[in-house]
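Q: Input structure: upload.txt, which contains compact mmCIF, C-alpha atoms.
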# COMPACT_ATOMS: atom_id res chain seq x y z
CA MET A 1 107.21 123.91 85.17
CA ILE A 2 107.81 123.78 88.93
CA ALA A 3 110.62 126.33 88.51
CA VAL A 4 108.27 128.67 86.62
CA GLY A 5 105.74 128.52 89.46
CA PHE A 6 108.53 129.10 91.99
CA LEU A 7 109.74 132.18 90.07
CA ILE A 8 106.21 133.60 89.63
CA ARG A 9 105.72 133.73 93.42
CA LYS A 10 109.25 134.87 94.22
CA ILE A 11 108.99 137.93 91.96
CA ARG A 12 105.43 138.49 93.26
CA LEU A 13 103.84 138.32 89.83
CA LEU A 14 100.98 136.46 91.53
CA GLY A 15 99.91 136.65 95.16
CA LYS A 16 98.59 134.14 97.68
CA GLU A 17 95.00 134.60 96.51
CA ALA A 18 96.02 133.55 93.00
CA GLU A 19 97.15 130.16 94.37
CA ARG A 20 93.67 129.48 95.75
CA VAL A 21 92.04 130.53 92.48
CA ILE A 22 94.35 128.34 90.38
CA THR A 23 93.79 125.39 92.73
CA ASP A 24 90.00 125.72 92.40
CA LEU A 25 90.33 126.13 88.62
CA VAL A 26 92.31 122.90 88.36
CA LEU A 27 90.15 120.85 90.74
CA TYR A 28 86.75 121.97 89.46
CA VAL A 29 87.33 122.69 85.75
CA VAL A 30 90.64 121.53 84.27
CA LEU A 31 90.96 118.17 86.01
CA PRO A 32 87.36 117.03 85.32
CA CYS A 33 87.90 117.85 81.63
CA ASN A 34 91.15 115.90 81.70
CA ILE A 35 89.51 112.88 83.36
CA PHE A 36 86.60 112.84 80.92
CA ASN A 37 88.94 113.24 77.95
CA SER A 38 91.09 110.35 79.16
CA PHE A 39 88.11 108.01 78.70
CA LEU A 40 87.79 109.22 75.11
CA THR A 41 91.47 108.94 74.21
CA SER A 42 92.37 105.75 76.10
CA SER A 43 93.74 102.99 73.89
CA GLY A 44 91.46 100.51 75.69
CA GLU A 45 94.29 98.83 77.59
CA VAL A 46 92.50 99.17 80.94
CA THR A 47 90.30 96.12 81.61
CA ALA A 48 87.25 95.83 83.85
CA GLY A 49 89.36 93.66 86.16
CA GLU A 50 91.91 96.45 86.54
CA TYR A 51 89.20 98.98 87.39
CA LEU A 52 87.96 96.64 90.11
CA ALA A 53 91.50 95.90 91.30
CA VAL A 54 92.49 99.55 91.68
CA LEU A 55 89.21 100.26 93.53
CA LEU A 56 89.84 97.41 95.99
CA VAL A 57 93.49 98.42 96.45
CA SER A 58 92.39 102.00 97.16
CA ILE A 59 89.87 100.81 99.77
CA GLY A 60 92.61 98.72 101.38
CA ILE A 61 94.99 101.69 101.42
CA GLN A 62 92.37 103.90 103.07
CA LEU A 63 91.74 101.31 105.81
CA LEU A 64 95.49 100.89 106.33
CA SER A 65 95.98 104.68 106.44
CA LEU A 66 93.19 105.02 109.02
CA MET A 67 94.80 102.44 111.33
CA TYR A 68 98.29 103.78 110.64
CA GLY A 69 97.35 107.35 111.52
CA LYS A 70 95.68 106.35 114.77
CA PHE A 71 98.53 104.28 116.19
CA ALA A 72 101.80 105.43 114.57
CA PHE A 73 102.20 108.61 116.67
CA PRO A 74 100.91 107.80 120.19
CA HIS A 75 103.15 110.24 122.11
CA GLU A 76 102.22 113.42 120.26
CA THR A 77 99.76 116.06 121.51
CA ARG A 78 96.10 115.63 120.59
CA ASP A 79 96.20 118.47 118.03
CA ARG A 80 99.28 117.05 116.34
CA ARG A 81 97.76 113.56 116.26
CA CYS A 82 94.70 114.99 114.47
CA ASN A 83 96.90 116.49 111.75
CA LEU A 84 99.08 113.39 111.44
CA ALA A 85 96.08 111.04 111.27
CA TYR A 86 94.33 113.17 108.66
CA GLY A 87 97.57 113.54 106.68
CA MET A 88 97.82 109.75 106.41
CA ILE A 89 94.23 109.48 105.13
CA CYS A 90 94.18 112.49 102.84
CA SER A 91 97.16 112.74 100.52
CA ASN A 92 97.62 115.14 97.63
CA ALA A 93 96.72 112.37 95.17
CA GLY A 94 93.63 114.26 94.00
CA PHE A 95 95.72 117.22 92.83
CA LEU A 96 99.35 116.26 92.22
CA GLY A 97 98.66 112.55 91.72
CA ASN A 98 96.63 112.95 88.53
CA ALA A 99 99.43 114.81 86.76
CA ILE A 100 102.07 112.32 87.93
CA THR A 101 100.23 109.12 86.97
CA GLU A 102 99.21 110.56 83.61
CA GLY A 103 102.83 111.53 82.94
CA VAL A 104 104.16 108.08 83.88
CA PHE A 105 101.39 105.77 82.61
CA GLY A 106 99.55 107.92 80.06
CA PRO A 107 95.73 108.21 79.74
CA GLU A 108 95.30 104.72 81.22
CA GLY A 109 97.07 105.87 84.39
CA LEU A 110 94.68 108.80 84.68
CA LEU A 111 91.68 106.50 84.23
CA LEU A 112 92.83 104.24 87.05
CA THR A 113 93.59 107.28 89.21
CA SER A 114 90.05 108.62 88.80
CA ILE A 115 88.70 105.31 90.17
CA TYR A 116 91.35 105.12 92.90
CA LEU A 117 90.39 108.54 94.25
CA ILE A 118 86.71 107.72 94.91
CA PRO A 119 87.35 105.92 98.26
CA GLN A 120 89.80 108.63 99.32
CA ARG A 121 87.26 111.37 98.66
CA ILE A 122 84.67 109.45 100.68
CA MET A 123 87.11 108.92 103.55
CA MET A 124 88.41 112.50 103.68
CA TRP A 125 84.92 113.96 104.04
CA SER A 126 83.67 111.32 106.51
CA GLU A 127 86.24 109.80 108.87
CA GLY A 128 88.75 112.52 108.00
CA LEU A 129 86.37 115.31 108.98
CA ALA A 130 85.40 113.41 112.13
CA ILE A 131 89.07 113.39 113.21
CA TYR A 132 88.91 117.17 113.61
CA SER A 133 85.28 117.80 114.51
CA GLY A 134 84.33 114.56 116.25
CA VAL A 135 81.21 114.40 114.05
CA SER A 136 80.65 112.61 110.74
CA ASP A 137 77.64 113.54 108.56
CA ARG A 138 76.99 110.62 106.19
CA ARG A 139 74.45 112.45 104.06
CA ALA A 140 76.76 115.43 103.60
CA THR A 141 79.61 113.07 102.71
CA ILE A 142 77.59 111.27 100.05
CA ARG A 143 76.40 114.59 98.63
CA LYS A 144 79.93 116.02 98.48
CA VAL A 145 81.35 112.93 96.81
CA LEU A 146 78.56 112.47 94.24
CA THR A 147 78.53 116.16 93.28
CA HIS A 148 82.32 116.53 93.02
CA PRO A 149 83.15 117.49 89.39
CA CYS A 150 85.93 114.88 89.19
CA VAL A 151 83.59 112.08 90.28
CA ILE A 152 80.89 113.27 87.85
CA ALA A 153 83.49 113.35 85.04
CA CYS A 154 84.56 109.82 85.96
CA PHE A 155 81.02 108.42 85.82
CA LEU A 156 80.21 110.27 82.58
CA GLY A 157 83.46 109.03 81.03
CA LEU A 158 82.71 105.45 82.02
CA LEU A 159 79.21 105.76 80.55
CA VAL A 160 80.44 107.21 77.25
CA MET A 161 83.24 104.66 76.94
CA SER A 162 81.17 101.59 77.85
CA LEU A 163 78.27 102.53 75.56
CA LYS A 164 80.63 103.87 72.85
CA LEU A 165 78.61 107.06 72.58
CA PRO A 166 79.88 109.58 70.01
CA VAL A 167 80.95 112.95 71.41
CA PRO A 168 80.60 115.87 68.97
CA ALA A 169 83.82 117.72 68.12
CA LEU A 170 82.14 120.93 69.31
CA ILE A 171 82.19 119.45 72.84
CA GLN A 172 85.24 117.19 72.70
CA ASN A 173 87.73 119.73 71.33
CA PRO A 174 87.33 122.37 74.08
CA ILE A 175 87.27 119.66 76.76
CA GLN A 176 90.48 118.25 75.32
CA SER A 177 92.18 121.66 75.17
CA ILE A 178 91.20 122.58 78.73
CA GLY A 179 92.27 119.15 80.02
CA ARG A 180 95.77 119.58 78.58
CA CYS A 181 96.33 122.46 81.02
CA ASN A 182 96.27 120.05 83.98
CA THR A 183 99.96 119.13 84.18
CA PRO A 184 101.47 122.63 83.68
CA LEU A 185 99.05 124.30 86.10
CA THR A 186 99.56 121.58 88.73
CA MET A 187 103.34 121.70 88.46
CA MET A 188 103.41 125.52 88.65
CA MET A 189 101.19 125.35 91.74
CA ILE A 190 103.70 123.02 93.43
CA GLY A 191 106.41 125.55 92.59
CA MET A 192 104.39 128.35 94.17
CA ILE A 193 103.95 126.31 97.35
CA LEU A 194 107.65 125.50 97.52
CA SER A 195 108.55 129.19 97.13
CA GLU A 196 107.03 129.89 100.56
CA ILE A 197 109.26 127.47 102.44
CA ASP A 198 111.42 128.86 105.24
CA LEU A 199 113.89 126.06 105.93
CA LYS A 200 114.95 127.62 109.26
CA HIS A 201 111.61 126.86 110.89
CA LEU A 202 110.49 123.93 108.77
CA VAL A 203 112.36 120.93 110.15
CA ASP A 204 110.54 119.08 112.93
CA LEU A 205 111.50 115.53 113.93
CA THR A 206 107.84 114.46 114.09
CA ILE A 207 107.27 115.79 110.58
CA VAL A 208 110.40 114.00 109.36
CA ARG A 209 109.06 110.73 110.83
CA PHE A 210 105.66 111.36 109.24
CA THR A 211 107.33 112.04 105.88
CA VAL A 212 109.14 108.69 106.01
CA HIS A 213 105.84 106.93 106.79
CA ARG A 214 103.94 108.85 104.09
CA LEU A 215 106.46 108.77 101.23
CA VAL A 216 108.48 105.59 101.88
CA LEU A 217 106.83 103.03 104.16
CA MET A 218 103.24 103.37 102.94
CA PRO A 219 104.04 102.96 99.22
CA LEU A 220 106.49 100.16 100.07
CA ILE A 221 103.72 98.24 101.87
CA VAL A 222 101.38 98.80 98.91
CA TRP A 223 104.04 97.58 96.46
CA LEU A 224 104.74 94.41 98.47
CA VAL A 225 101.04 93.55 98.86
CA CYS A 226 100.32 94.16 95.17
CA ARG A 227 103.25 91.95 94.17
CA LEU A 228 102.15 89.17 96.54
CA LEU A 229 98.59 89.29 95.16
CA GLY A 230 99.79 89.25 91.55
CA ILE A 231 98.10 92.53 90.65
CA SER A 232 98.91 93.91 87.19
CA HIS A 233 101.95 96.10 86.66
CA GLN A 234 99.83 99.10 85.66
CA VAL A 235 97.51 98.95 88.69
CA THR A 236 100.47 98.34 91.01
CA GLY A 237 102.38 101.29 89.58
CA VAL A 238 99.47 103.71 89.84
CA SER A 239 98.58 102.54 93.37
CA VAL A 240 102.16 102.85 94.64
CA LEU A 241 102.66 106.31 93.13
CA LEU A 242 99.40 107.58 94.61
CA ALA A 243 100.28 106.08 97.99
CA ALA A 244 103.55 108.07 97.83
CA MET A 245 101.85 111.47 97.61
CA PRO A 246 102.46 114.21 100.22
CA ALA A 247 99.89 115.33 102.79
CA GLY A 248 96.89 117.06 101.20
CA ALA A 249 96.39 120.82 101.40
CA THR A 250 93.02 120.31 103.11
CA THR A 251 95.04 119.29 106.21
CA THR A 252 96.00 122.94 106.67
CA MET A 253 92.48 124.24 105.97
CA LEU A 254 90.73 121.90 108.43
CA SER A 255 93.42 122.39 111.05
CA ALA A 256 92.90 126.15 110.89
CA LYS A 257 89.11 125.79 110.93
CA TYR A 258 89.11 123.63 114.09
CA ASN A 259 92.17 125.31 115.67
CA ARG A 260 94.27 122.12 115.75
CA ASP A 261 97.80 123.56 115.61
CA PRO A 262 97.54 124.95 112.03
CA GLN A 263 101.22 126.01 112.05
CA PHE A 264 102.27 122.39 112.50
CA ALA A 265 99.84 121.29 109.77
CA THR A 266 101.20 123.88 107.36
CA LYS A 267 104.78 122.78 107.94
CA MET A 268 103.73 119.16 107.52
CA VAL A 269 102.09 119.82 104.13
CA ILE A 270 104.98 121.95 102.83
CA PHE A 271 107.75 119.64 104.05
CA THR A 272 106.15 116.50 102.63
CA THR A 273 105.49 118.32 99.35
CA LEU A 274 109.14 119.35 99.15
CA CYS A 275 110.35 115.82 99.89
CA SER A 276 107.82 114.27 97.51
CA ILE A 277 109.62 115.65 94.45
CA PRO A 278 112.67 113.33 94.76
CA ALA A 279 110.55 110.54 96.31
CA ILE A 280 108.09 110.44 93.40
CA PHE A 281 110.97 110.58 90.93
CA ILE A 282 112.63 107.55 92.56
CA TRP A 283 109.36 105.58 92.80
CA SER A 284 108.62 106.37 89.14
CA MET A 285 112.02 105.09 88.08
CA LEU A 286 111.52 101.86 90.04
CA LEU A 287 107.99 101.23 88.77
CA VAL A 288 108.38 101.84 85.04
Step by step, read the file and then write its structure as structure tokens.

A:
Amino acid sequence: MIAVGFLIRKIRLLGKEAERVITDLVLYVVLPCNIFNSFLTSSGEVTAGEYLAVLLVSIGIQLLSLMYGKFAFPHETRDRRCNLAYGMICSNAGFLGNAITEGVFGPEGLLLTSIYLIPQRIMMWSEGLAIYSGVSDRRATIRKVLTHPCVIACFLGLLVMSLKLPVPALIQNPIQSIGRCNTPLTMMMIGMILSEIDLKHLVDLTIVRFTVHRLVLMPLIVWLVCRLLGISHQVTGVSVLLAAMPAGATTTMLSAKYNRDPQFATKMVIFTTLCSIPAIFIWSMLLV
């Protein structure tokens, strides 16, 4: 699927604008349908304790990422530090992570991921935005989080599952069909991003260091803490995989908006995305 996306961009079947459209389609339509459907098709193997555990682990990861980003790169320029700090807080878990955890752990993995992402979405639009702008609007953050289609789908799914409400086939079938598009569209999007890489100008020692922190050290810390606390295998696996995601694409967008060395941010997102393919594969093999 990644190779198909790579080829589509290389032969110019789709342009840069198509990437943005597909990304919005996945985030605001396909993924919410997939999340909601996962609550309907789950075998019931996710317990209330696991929902709470993954939420607490996610909060812990966000606090760790915040501290990590502020102190791990003290000798970089201010603009670079902004990108590096935001890249530690905001990973690509909300886009790539859903497809990966669903592929490895099934519908239950997607359920846990939808809960895991709530603290990250809060952090990226509060403290994350403040990293670039110096200002954090709490009301705007709450509004953005509560009105995000993925969060709405998560709450609706929890409501339907907990109350065992019947969903008519007229509604469930199209939601199910649209949700199944999540993995292929996500993987093709990663291929499109990778097709734009120019290896000659991509390698930067700071970005290499950041990649090691983002894809190796952070998930390793999460794995060790989860093992020490005796957290379930499923919650541990989902948390570690999501902690091993590359820097989020919003790093590039916010860097460009606030003029914080967007070229560096772009290289950081692309390089970590490229390296995440083997990293996620290795973590998946170790966790299953």

Q: Expressed in Å to a single decimal, how great is the separation between CA of Val240 in chain A and CA of Phe155 in chain A?

A: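 Rounded to one decimal, the two atoms are 23.6 Å apart.
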
Q: So, with all atoms listed in the file as the atoms that count, which of A:Leu117, A:Cys33, A:Ile282, A:Cys90 lies closest to Thr250 in chain A?

A: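 Under the stated criterion, the closest residue is A:Cys90.
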
Q: Write out as CSV a residue-level contact list of range 182-257 of chain A versus range 69-86 of chain A with cut-off 8 Å: for each qualifying residue the closest pair of atoms and the distance in Å to one decimal, counting only C-alpha atoms, rows sorted by chain and residue number upward.

A:
residue,atom,partner,partner_atom,distance
A:Phe210,CA,A:Leu84,CA,7.2
A:Thr251,CA,A:Asn83,CA,6.5
A:Ser255,CA,A:Asn83,CA,6.9

Q: Between A:Val269, A:Arg209, A:Arg260, A:Met285, which one has atoms that come closest to Ser133 in chain A, using only C-alpha atoms?

A: A:Arg260

Q: Between CA of Met192 in chain A and CA of Ile22 in chain A, what is the distance in Å, rounded to a tenth?

A: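 About the pair CA of Met192 in chain A and CA of Ile22 in chain A: they are 10.7 Å apart.
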
Q: Which distance in Å separates CA of Met1 in chain A and CA of Leu215 in chain A, to one decimal?

A: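 CA of Leu215 in chain A lies at a distance of 22.1 Å from CA of Met1 in chain A.
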
Q: Using all atoms listed in the file, which residue out of A:Ala53, A:Leu63, A:Ser162, A:Ile197 lies closest to Cys226 in chain A?

A: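 Looking only at the distances to Cys226 in chain A, the closest residue turns out to be A:Ala53.
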
Q: Contacts of Arg12 in chain A at 12 Å or less, counting all atoms listed in the file, minus same-chain residues fewer than 6 places along, as a list in words?

A: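 After dropping sequence-adjacent residues, the list is Gly5, Phe6, Ala18, Glu19, Met192, Ser195 and Glu196 of chain A.
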
Q: Nearest to Ala3 in chain A among A:Leu170, A:Ile193, A:Leu66, A:Val54, with distances taken over all atoms listed in the file: which residue is it?

A: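 The answer is A:Ile193, which sits nearest to Ala3 in chain A.
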
Q: Extract, using all atoms listed in the file, all DNA, RNA and protein residues at most 10 Å from Glu127 in chain A, discarding same-chain residues fewer than 2 positions from it, and format them as a list in words.

A: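 The filter keeps Leu66, Tyr86, Ile89, Ile122, Met123, Met124, Trp125, Leu129, Ala130, Ile131, Tyr132, Ser133, Gly134, Val135, Ser136, Asp137, Arg138 and Thr141 of chain A.
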
Q: Of the candidates A:Gln176, A:Ser91, A:Thr186, A:Ser239, which one gets nearest to Ile59 in chain A if we count only C-alpha atoms?

A: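 Result for the nearest residue to Ile59 in chain A: A:Ser239.
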
Q: Taking all atoms listed in the file into account, which of A:Thr113, A:Asn92, A:Gln120, A:Ser276 comes nearest Thr211 in chain A?

A: A:Ser276

Q: I'd like the neighbourhood of Leu31 in chain A as a list in words, where a residue qualifies if any of its atoms comes within 9 Å (using all atoms listed in the file), though same-chain residues fewer than 2 positions away should be ignored.

A: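 So, after excluding close chain neighbours, the residues are Leu25, Val26, Leu27, Tyr28, Val29, Cys33, Asn34, Ile35, Phe36, Phe95, Asn98, Pro149, Cys150, Ala153, Ile178, Gly179, Arg180, Cys181 and Asn182 of chain A.
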
Q: Give me the residues near Thr266 in chain A as an NGL selection string, where near means some atom within 9 Å (using all atoms listed in the file) and where sequence neighbours in that chain fewer than 3 positions away do not count.

A: :A and (249 or 251-253 or 255 or 261-263 or 269-271)

Q: Please provide as an MDAnalysis selection string all residues within 9 Å of Glu108 in chain A, with the sequence filter that same-chain residues fewer than 2 positions apart are discarded (counting only C-alpha atoms).

A: chainID A and resid 38:39 42:46 101:102 105:106 110:113 234
